[in-house]
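A.B. asks: Dumping the structure here so I can ask a few things about it.
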Amino acid sequence: MLSAKNILFVPHYEFKNGNINDKLLLVLAVENNTSIVYTLTTSQDTHIPNEYKQIGCVNDGQNFSMYVFEKDKIIGTKPDGKPFAFNKTTYVVFSWDNIYDTSELLVEYPNTYLQATFDDTTFNQFMNCLKASYFLKRKYKRILG
């Protein structure tokens, strides 16, 4: 389950601010039996400036960096082989403190399950956007290639 390209569903995920809500996590890579997971996915666009609400990669070079997945566009496959698409426009806002080395995820959240696996094209587009972000630490740039 903790393999690159996987989209995990975590019920009752606890955020850094103490809030608890269901969450999708994106598994970016695996190194030394530790998965690199990105946590900040949201369908809420209230904090996203209108000029950045476009589908695909958004990198303004200094203040804002994210990837936007279009509602209902097939981006992968569910475990049962059916196509997977987000049912809402989904924003992945890049921030250096939302990437985790996590080998304890399944221990801490035992009800986590595989929601879907990205198709290669979508995953590569997402990863290229992330790697171009000025928010990504060198440590992760090295791991992510």
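Please note that chains go A, B, ... in the order of the structure tokens, that every chain numbers its residues from 1, and that ligands are numbered from 1 in the order shown.
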Could you find all residues in chain A that DSSP calls strand (DSSP E or B) from the backbone, and write them as a ChimeraX atom specification?
C.D. replies: /A:6-14,20-31,34-38,41-42,56-59,65-69,76-77,83-84,90-93,99-102,113-118
A.B. asks: Could you take the residues named above and write them with C-alpha atoms, as a tab-separated table (two decimals), in the first residue's frame?
C.D. replies:
```
chain	number	residue	atom	x	y	z
A	6	ASN	CA	-0.66	5.28	-4.55
A	7	ILE	CA	-3.46	7.48	-3.24
A	8	LEU	CA	-4.41	6.48	0.29
A	9	PHE	CA	-7.59	7.26	2.18
A	10	VAL	CA	-7.06	7.90	5.89
A	11	PRO	CA	-10.19	8.14	8.02
A	12	HIS	CA	-9.93	10.47	11.01
A	13	TYR	CA	-6.52	11.91	10.08
A	14	GLU	CA	-5.16	14.33	12.69
A	20	ILE	CA	-9.45	15.64	12.63
A	21	ASN	CA	-10.94	14.82	9.24
A	22	ASP	CA	-10.78	12.17	6.52
A	23	LYS	CA	-7.77	12.74	4.26
A	24	LEU	CA	-6.20	11.59	1.03
A	25	LEU	CA	-2.44	11.05	1.12
A	26	LEU	CA	-0.24	10.79	-1.96
A	27	VAL	CA	2.68	8.36	-1.82
A	28	LEU	CA	5.50	9.98	-3.79
A	29	ALA	CA	8.38	7.55	-3.41
A	30	VAL	CA	9.86	4.80	-1.26
A	31	GLU	CA	13.41	4.84	0.03
A	34	THR	CA	10.23	4.37	4.22
A	35	SER	CA	7.52	5.98	2.14
A	36	ILE	CA	7.61	9.65	1.26
A	37	VAL	CA	4.02	10.88	1.61
A	38	TYR	CA	2.45	14.21	0.72
A	41	THR	CA	-4.79	17.67	-0.63
A	42	THR	CA	-7.95	19.74	-0.50
A	56	GLY	CA	-2.41	21.32	-13.81
A	57	CYS	CA	0.85	22.78	-12.52
A	58	VAL	CA	0.91	26.22	-10.92
A	59	ASN	CA	4.33	27.61	-9.98
A	65	SER	CA	3.15	26.40	-5.94
A	66	MET	CA	0.54	23.66	-6.41
A	67	TYR	CA	-0.99	21.08	-8.69
A	68	VAL	CA	-4.70	21.11	-9.52
A	69	PHE	CA	-6.57	17.94	-10.49
A	76	GLY	CA	-5.74	6.41	-12.26
A	77	THR	CA	-7.27	3.12	-11.29
A	83	PRO	CA	-11.17	4.19	-13.35
A	84	PHE	CA	-10.47	6.73	-10.60
A	90	THR	CA	-8.63	18.87	-5.97
A	91	TYR	CA	-5.73	21.12	-5.03
A	92	VAL	CA	-2.35	19.92	-3.83
A	93	VAL	CA	-0.67	23.02	-2.41
A	99	ILE	CA	6.06	15.93	3.06
A	100	TYR	CA	6.78	13.17	5.52
A	101	ASP	CA	9.07	10.18	5.79
A	102	THR	CA	6.63	7.74	7.22
A	113	TYR	CA	-6.79	1.88	2.68
A	114	LEU	CA	-5.74	2.16	-0.95
A	115	GLN	CA	-8.11	4.53	-2.75
A	116	ALA	CA	-6.39	4.38	-6.16
A	117	THR	CA	-3.12	4.31	-8.07
A	118	PHE	CA	-2.12	7.17	-10.37
```
A.B. asks: Please determine, counting only C-alpha atoms, which residue among A:Lys88, A:Pro79, A:Phe135, A:Asn124 has the shortest atom-to-atom distance to Asp45 in chain A.
C.D. replies: A:Lys88
A.B. asks: From the set A:Met1, A:Asn50, A:Gly81, A:Gly145, which residue has the shortest atom-to-atom contact distance to Thr112 in chain A, counting only C-alpha atoms?
C.D. replies: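 Checking each candidate against Thr112 in chain A, we get A:Met1 as the closest.
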A.B. asks: When you draw a straight line from CA of Leu144 in chain A to CA of Thr122 in chain A, how long is it in Å?
C.D. replies: 15.6 Å
A.B. asks: As an exercise, work out the distance from CA of Thr89 in chain A to CA of Ser43 in chain A in Å and give it to one decimal place.
C.D. replies: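 Answer for the CA of Thr89 in chain A to CA of Ser43 in chain A separation: 5.8 Å.
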A.B. asks: Kindly give the distance, in Å, that separates CA of Thr46 in chain A and CA of Tyr134 in chain A, rounded to a single decimal.
C.D. replies: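 Computed distance, CA of Thr46 in chain A to CA of Tyr134 in chain A, equals 22.8 Å.
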A.B. asks: Have a look at A:Lys82, A:Asn19, A:Ile55, A:Arg138 and name the one nearest to Glu70 in chain A; count only C-alpha atoms.
C.D. replies: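 Closest to Glu70 in chain A of all the choices is A:Ile55.
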A.B. asks: In chain A, what's alpha helix (DSSP H) per DSSP? Answer as a list in words?
C.D. replies: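 Answer for chain A restricted to alpha helix (DSSP H) is Leu105, Leu106, Val107, Glu108, Asp120, Thr121, Thr122, Phe123, Asn124, Gln125, Phe126, Met127, Asn128, Cys129, Leu130, Lys131, Ala132, Arg138, Lys139, Tyr140, Lys141, Arg142, Ile143 and Leu144 of chain A.
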A.B. asks: Have a look at A:Phe86, A:Tyr52, A:Phe126, A:Tyr109 and name the one nearest to Ile74 in chain A; count only C-alpha atoms.
C.D. replies: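 Checking each candidate against Ile74 in chain A, we get A:Phe86 as the closest.
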